[in-house]
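What follows is a single structure, written as structure tokens, with notes after it.
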Amino acid sequence: MLKAVILIGGPQKGTRFRPLSFEVPKPLFPVAGVPMIQHHIEACAQVAGMQEILLIGFYQPDEPLTRFLEAAQQEFNLPIRYLQEFAPLGTGGGLYHFRDQILAGGPEAFFVLNADVCSDFPLSTMLEVHRHQPHPFLLLGTTANRTQSLNYGCIVENPQTHEVLHYVEKPSTFVSDIINCGIYLFSPEALKPLRDVFQRNQQDGQLEDSSGLWPGAGTIRLEQDVFSALAGQGQIYVHLTDGIWSQIKSAGSALYASRLYLSQYQLTHPERLAKHTPGGPRIRGNVYIHPTAKVAPSAVLGPNVSIGEGVTMGEGVRLRESIVLHGATLQEHTCVLHSIVGWGSTVGRWARVEVPPMTPIPTTPEPTWTVRAYSRMGSCSLPLPSAAASGSPPRCSY
């Protein structure tokens, strides 16, 4: 049997995603029409032998999260539970704190996925690699250029065996063009090094706190405390993927992730993509339209557009490379390019919202473009963490 753990973080994280994370927890932000972590859950549910999916984080189990979990359990016919940390415990602390629940039932191995990544999630391939040559840690990696690699965990591998020989989290100088994707497959033995870190933290804390109850003992950073320490000891291996991958750290990267997932829908969920029909809006490329959205027939949508629940679009609207969230209204002849329109917002008649095109992928240098996000509180320009732009800004064309 297999399990999966999705690390969803907490409200103190993801500040670069604001104001979009003010309305819902970041893991529930819709990307390509569905909550961000639904893509993770769908991928996990397709792995043969998957028995349970656990979400670990520091969010309060509020109504949106509870409602999402209930709906996901029904849709995928799998136990999906949320385990709330008593404090932010880092990327590895929650795994150790909830180790008994992760290991309950005796899983052969368990996947660990960061919630803020976009990927085609080659989990079955990773499982095949693990079964062929079992090791405590298997990391998914991809390649980046020298400049962008500095923004990620860098992996030096043995090209013959794929053992991780050296690991550095966000190095100050170039180390390797192989970067950590934040997607892992661990054997049960992987929790032993986490125990060692916890015990070491306890001992260090007791030197400062004679009570022996130092609260920081449970904070474990997988990348620095485990991967860096164990690299070169025959315990950590990497599987390289040439599939899609991106982090989702800001509004701009959410747009790029939406583009990637909409493209994937051609293979995985063609039913989610809108098709041009007589009397309907003009569809160009990959477009998702929620069934409850009302779109005027003279609107032109796409490519790479996601339209949420209860959205209203007037005549002559032009929308491209954008996300329109629940309950928003785009009045007649609005033009929106490379932008996110927030929940319940209104963009007035003949308004134009336009930002230069951008592609936040780890293989391109980082310029200073911004992406505009509209919310009910107004609009703000948000920095894009990694992007590439070419040519002149696009024009609204019908």
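As shown in the structure tokens, the chain order sets the letters A, B, ...; within each chain, residues go from 1, and ligands are also counted from 1 in the order they appear.
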
So which residues touch Thr143 in chain A within 6 Å, counting only C-alpha atoms, skipping near sequence neighbours fewer than 4 positions away, as an mmCIF file with N, CA, C and O atoms, in the first residue's frame?
data_model
loop_
_atom_site.group_PDB
_atom_site.id
_atom_site.type_symbol
_atom_site.label_atom_id
_atom_site.label_comp_id
_atom_site.auth_asym_id
_atom_site.auth_seq_id
_atom_site.Cartn_x
_atom_site.Cartn_y
_atom_site.Cartn_z
ATOM 1 N N ASP A 177 22.967 22.607 -12.321
ATOM 2 C CA ASP A 177 21.775 23.011 -13.059
ATOM 3 C C ASP A 177 20.596 22.080 -12.778
ATOM 4 O O ASP A 177 19.511 22.244 -13.354
ATOM 5 N N ILE A 178 20.769 21.105 -11.889
ATOM 6 C CA ILE A 178 19.666 20.233 -11.476
ATOM 7 C C ILE A 178 19.054 20.809 -10.209
ATOM 8 O O ILE A 178 19.762 21.044 -9.221
ATOM 9 N N ILE A 179 17.740 21.048 -10.238
ATOM 10 C CA ILE A 179 17.075 21.663 -9.097
ATOM 11 C C ILE A 179 16.008 20.743 -8.528
ATOM 12 O O ILE A 179 15.484 19.854 -9.212
#

Would you mind listing what lies within 8 Å of Leu325 in chain A as a VMD selection string, with only C-alpha atoms counted and same-chain residues fewer than 2 positions away left out? chain A and resid 30 307 to 309 311 323 327 to 328 340 to 344

Please write the residues from the selection above to a file, keeping N, CA and C atoms, as a PDB file, in the first residue's frame.
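Result went into again.pdb, see below:
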ATOM      1  N   PRO A  30      -7.822  28.828  -7.049  1.00  0.00           N
ATOM      2  CA  PRO A  30      -8.093  28.074  -8.281  1.00  0.00           C
ATOM      3  C   PRO A  30      -7.055  28.332  -9.365  1.00  0.00           C
ATOM      4  N   ILE A 307     -12.062  30.885 -16.264  1.00  0.00           N
ATOM      5  CA  ILE A 307     -13.193  31.707 -15.819  1.00  0.00           C
ATOM      6  C   ILE A 307     -13.924  30.947 -14.717  1.00  0.00           C
ATOM      7  N   GLY A 308     -14.052  31.583 -13.543  1.00  0.00           N
ATOM      8  CA  GLY A 308     -14.573  30.913 -12.367  1.00  0.00           C
ATOM      9  C   GLY A 308     -16.090  30.920 -12.250  1.00  0.00           C
ATOM     10  N   GLU A 309     -16.550  30.417 -11.117  1.00  0.00           N
ATOM     11  CA  GLU A 309     -17.972  30.254 -10.830  1.00  0.00           C
ATOM     12  C   GLU A 309     -18.671  31.607 -10.765  1.00  0.00           C
ATOM     13  N   VAL A 311     -19.198  34.000 -12.814  1.00  0.00           N
ATOM     14  CA  VAL A 311     -18.639  35.170 -13.508  1.00  0.00           C
ATOM     15  C   VAL A 311     -19.602  35.643 -14.587  1.00  0.00           C
ATOM     16  N   ILE A 323      -6.895  34.931 -15.452  1.00  0.00           N
ATOM     17  CA  ILE A 323      -7.774  34.186 -14.563  1.00  0.00           C
ATOM     18  C   ILE A 323      -8.827  35.147 -14.040  1.00  0.00           C
ATOM     19  N   GLY A 327     -17.496  35.144  -9.080  1.00  0.00           N
ATOM     20  CA  GLY A 327     -18.385  36.285  -8.887  1.00  0.00           C
ATOM     21  C   GLY A 327     -17.938  37.588  -9.526  1.00  0.00           C
ATOM     22  N   ALA A 328     -16.882  37.580 -10.310  1.00  0.00           N
ATOM     23  CA  ALA A 328     -16.412  38.818 -10.935  1.00  0.00           C
ATOM     24  C   ALA A 328     -17.304  39.196 -12.122  1.00  0.00           C
ATOM     25  N   ILE A 340      -5.098  38.835 -13.275  1.00  0.00           N
ATOM     26  CA  ILE A 340      -6.028  38.079 -12.439  1.00  0.00           C
ATOM     27  C   ILE A 340      -7.071  39.049 -11.922  1.00  0.00           C
ATOM     28  N   VAL A 341      -8.336  38.752 -12.167  1.00  0.00           N
ATOM     29  CA  VAL A 341      -9.450  39.571 -11.681  1.00  0.00           C
ATOM     30  C   VAL A 341     -10.026  38.871 -10.456  1.00  0.00           C
ATOM     31  N   GLY A 342     -10.008  39.563  -9.307  1.00  0.00           N
ATOM     32  CA  GLY A 342     -10.317  38.939  -8.031  1.00  0.00           C
ATOM     33  C   GLY A 342     -11.791  38.672  -7.809  1.00  0.00           C
ATOM     34  N   TRP A 343     -12.067  37.962  -6.697  1.00  0.00           N
ATOM     35  CA  TRP A 343     -13.426  37.566  -6.327  1.00  0.00           C
ATOM     36  C   TRP A 343     -14.330  38.791  -6.204  1.00  0.00           C
ATOM     37  N   GLY A 344     -15.499  38.715  -6.847  1.00  0.00           N
ATOM     38  CA  GLY A 344     -16.506  39.754  -6.699  1.00  0.00           C
ATOM     39  C   GLY A 344     -16.112  41.102  -7.267  1.00  0.00           C
TER      40      GLY A 344
END

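Put simply, CA of Phe186 in chain A is 5.4 Å away from CA of Phe110 in chain A.
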
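Counting only C-alpha atoms, the residue from A:Leu255, A:Ile6, A:Ile102, A:Val34 that sits nearest to Tyr288 in chain A is A:Val34.
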
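The residue that comes closest to Phe68 in chain A, out of A:Ser250, A:Thr277, A:Gln38, A:Gln101 and on the basis of only C-alpha atoms, is A:Gln38.
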
Considering only strand (DSSP E or B) as DSSP defines it on the backbone, what residues of range 106-301 of chain A qualify? List them as a PyMOL selection string. chain A and resi 109-114+117-119+137-143+153-157+163-169+178-186+236-240+245-247+282-283+287-289+294-295+300-301

Selected residues written out with N, CA and C atoms, as a short mmCIF file (atom, residue, chain, number, x, y, z; two decimals), in the first residue's frame:
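After the write, again-v8.cif holds the following:
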data_model
loop_
_atom_site.label_atom_id
_atom_site.label_comp_id
_atom_site.auth_asym_id
_atom_site.auth_seq_id
_atom_site.Cartn_x
_atom_site.Cartn_y
_atom_site.Cartn_z
N ALA A 109 5.70 2.81 0.92
CA ALA A 109 6.38 4.09 0.75
C ALA A 109 5.31 5.17 0.77
N PHE A 110 5.74 6.42 0.87
CA PHE A 110 4.77 7.51 0.82
C PHE A 110 5.36 8.68 0.05
N PHE A 111 4.51 9.30 -0.76
CA PHE A 111 4.89 10.49 -1.51
C PHE A 111 4.78 11.71 -0.61
N VAL A 112 5.63 12.68 -0.84
CA VAL A 112 5.57 13.97 -0.16
C VAL A 112 5.60 15.04 -1.24
N LEU A 113 4.56 15.89 -1.27
CA LEU A 113 4.45 16.91 -2.31
C LEU A 113 4.24 18.27 -1.67
N ASN A 114 5.01 19.25 -2.09
CA ASN A 114 4.75 20.62 -1.69
C ASN A 114 3.55 21.15 -2.45
N VAL A 117 3.64 23.81 -5.95
CA VAL A 117 4.32 23.49 -7.19
C VAL A 117 3.28 23.06 -8.22
N CYS A 118 3.58 23.35 -9.46
CA CYS A 118 2.78 22.90 -10.60
C CYS A 118 3.60 21.87 -11.35
N SER A 119 3.00 20.73 -11.66
CA SER A 119 3.74 19.66 -12.31
C SER A 119 2.76 18.69 -12.97
N PHE A 137 15.24 7.96 0.28
CA PHE A 137 14.78 9.23 -0.29
C PHE A 137 14.93 9.21 -1.81
N LEU A 138 13.85 9.52 -2.52
CA LEU A 138 13.91 9.74 -3.96
C LEU A 138 13.34 11.12 -4.24
N LEU A 139 14.14 11.99 -4.84
CA LEU A 139 13.73 13.36 -5.14
C LEU A 139 13.43 13.48 -6.63
N LEU A 140 12.43 14.27 -6.97
CA LEU A 140 12.18 14.62 -8.37
C LEU A 140 12.96 15.88 -8.70
N GLY A 141 13.72 15.84 -9.78
CA GLY A 141 14.52 17.00 -10.17
C GLY A 141 14.24 17.39 -11.61
N THR A 142 14.56 18.64 -11.92
CA THR A 142 14.52 19.12 -13.29
C THR A 142 15.71 20.04 -13.50
N THR A 143 15.89 20.55 -14.71
CA THR A 143 17.07 21.37 -14.99
C THR A 143 16.69 22.84 -15.12
N GLY A 153 16.73 24.64 -4.55
CA GLY A 153 17.65 23.68 -4.02
C GLY A 153 18.40 23.01 -5.16
N CYS A 154 19.74 23.01 -5.11
CA CYS A 154 20.56 22.49 -6.21
C CYS A 154 21.12 21.12 -5.85
N ILE A 155 21.11 20.23 -6.85
CA ILE A 155 21.47 18.83 -6.65
C ILE A 155 22.67 18.49 -7.54
N VAL A 156 23.70 17.95 -6.94
CA VAL A 156 24.82 17.36 -7.69
C VAL A 156 24.63 15.85 -7.63
N GLU A 157 24.49 15.22 -8.79
CA GLU A 157 24.22 13.78 -8.83
C GLU A 157 25.38 13.03 -9.46
N GLU A 163 22.71 8.96 -7.66
CA GLU A 163 22.79 9.28 -6.24
C GLU A 163 23.05 10.77 -6.07
N VAL A 164 22.41 11.37 -5.08
CA VAL A 164 22.66 12.77 -4.76
C VAL A 164 23.95 12.85 -3.95
N LEU A 165 24.97 13.46 -4.55
CA LEU A 165 26.27 13.58 -3.91
C LEU A 165 26.40 14.84 -3.08
N HIS A 166 25.65 15.87 -3.47
CA HIS A 166 25.76 17.17 -2.79
C HIS A 166 24.44 17.90 -2.97
N TYR A 167 23.96 18.54 -1.92
CA TYR A 167 22.71 19.30 -1.98
C TYR A 167 22.89 20.63 -1.27
N VAL A 168 22.53 21.71 -1.95
CA VAL A 168 22.61 23.05 -1.36
C VAL A 168 21.31 23.78 -1.64
N GLU A 169 20.68 24.29 -0.60
CA GLU A 169 19.43 25.04 -0.76
C GLU A 169 19.74 26.50 -1.07
N ILE A 178 20.77 21.11 -11.89
CA ILE A 178 19.67 20.23 -11.48
C ILE A 178 19.05 20.81 -10.21
N ILE A 179 17.74 21.05 -10.24
CA ILE A 179 17.07 21.66 -9.10
C ILE A 179 16.01 20.74 -8.53
N ASN A 180 15.70 20.97 -7.27
CA ASN A 180 14.72 20.18 -6.53
C ASN A 180 13.31 20.65 -6.90
N CYS A 181 12.45 19.72 -7.28
CA CYS A 181 11.07 20.04 -7.67
C CYS A 181 10.10 20.08 -6.50
N GLY A 182 10.53 19.68 -5.31
CA GLY A 182 9.62 19.66 -4.17
C GLY A 182 8.62 18.52 -4.20
N ILE A 183 8.98 17.45 -4.90
CA ILE A 183 8.13 16.25 -5.02
C ILE A 183 9.02 15.06 -4.69
N TYR A 184 8.61 14.24 -3.71
CA TYR A 184 9.49 13.20 -3.19
C TYR A 184 8.74 11.88 -3.03
N LEU A 185 9.53 10.80 -2.97
CA LEU A 185 9.01 9.49 -2.58
C LEU A 185 9.93 8.96 -1.48
N PHE A 186 9.37 8.77 -0.30
CA PHE A 186 10.14 8.33 0.86
C PHE A 186 9.74 6.91 1.25
N ILE A 236 20.09 9.19 -0.64
CA ILE A 236 19.24 10.09 -1.41
C ILE A 236 19.56 9.95 -2.90
N TYR A 237 18.52 9.79 -3.70
CA TYR A 237 18.67 9.66 -5.14
C TYR A 237 17.71 10.63 -5.82
N VAL A 238 17.97 10.91 -7.08
CA VAL A 238 17.16 11.87 -7.81
C VAL A 238 16.68 11.24 -9.12
N HIS A 239 15.44 11.52 -9.46
CA HIS A 239 14.88 11.13 -10.75
C HIS A 239 14.60 12.40 -11.54
N LEU A 240 15.21 12.54 -12.70
CA LEU A 240 15.05 13.74 -13.51
C LEU A 240 13.82 13.63 -14.41
N TRP A 245 6.92 21.82 -15.03
CA TRP A 245 7.14 22.11 -13.61
C TRP A 245 7.30 23.61 -13.42
N SER A 246 6.73 24.11 -12.33
CA SER A 246 6.90 25.51 -11.95
C SER A 246 6.49 25.66 -10.49
N GLN A 247 7.09 26.62 -9.80
CA GLN A 247 6.62 26.98 -8.48
C GLN A 247 5.47 27.97 -8.61
N ARG A 282 -16.34 33.19 -28.83
CA ARG A 282 -15.26 32.67 -29.66
C ARG A 282 -14.13 32.16 -28.74
N ILE A 283 -13.74 30.92 -28.95
CA ILE A 283 -12.72 30.28 -28.12
C ILE A 283 -11.44 30.14 -28.94
N VAL A 287 -9.13 27.07 -22.95
CA VAL A 287 -9.96 27.94 -22.12
C VAL A 287 -10.82 27.06 -21.21
N TYR A 288 -10.87 27.42 -19.93
CA TYR A 288 -11.78 26.78 -18.98
C TYR A 288 -12.87 27.78 -18.62
N ILE A 289 -14.14 27.34 -18.69
CA ILE A 289 -15.29 28.18 -18.31
C ILE A 289 -16.13 27.38 -17.33
N LYS A 294 -21.63 33.26 -17.06
CA LYS A 294 -22.45 33.79 -18.15
C LYS A 294 -21.57 34.66 -19.03
N VAL A 295 -21.35 34.18 -20.26
CA VAL A 295 -20.44 34.84 -21.18
C VAL A 295 -21.21 35.24 -22.43
N VAL A 300 -14.50 37.23 -26.87
CA VAL A 300 -13.41 36.45 -27.47
C VAL A 300 -12.48 36.04 -26.33
N LEU A 301 -12.32 34.73 -26.12
CA LEU A 301 -11.60 34.21 -24.97
C LEU A 301 -10.44 33.34 -25.41
#

Of A:Leu103, A:Val347, A:Leu222, A:Ala45, the one sitting nearest Glu332 in chain A when using only C-alpha atoms is A:Val347

Please report the interatomic distance between CA of Gly218 in chain A and CA of Ala231 in chain A in Å with one decimal. 22.0 Å

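Nearest residue to Phe198 in chain A, choosing from A:Ala257, A:Gln233, A:Leu95, A:Ser176 and counting only C-alpha atoms: A:Leu95.
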
Could you please write out, as a PyMOL selection string, every residue of range 130-361 of chain A that DSSP assigns to alpha helix (DSSP H)? chain A and resi 130-132+146-149+191-208+228-230+251-268

Neighbours of Pro27 in chain A within 12 Å (only C-alpha atoms; same-chain residues fewer than 2 positions away dropped), as a ChimeraX atom specification? /A:6-11,13-14,17,20-25,29-31,34-41,55-59,64-65,68-69,114-118,248-249,254

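Nearest to Phe121 in chain A of all the residues A:Leu330, A:Cys44, A:Glu52, A:Pro193 is A:Cys44, counting only C-alpha atoms.
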
Could you please determine the separation between CA of Gln331 in chain A and CA of Pro270 in chain A in Å, to one decimal place? 28.9 Å

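The residue that comes closest to His97 in chain A, out of A:Ser258, A:Thr219, A:Gln73, A:Gln266 and on the basis of only C-alpha atoms, is A:Thr219.
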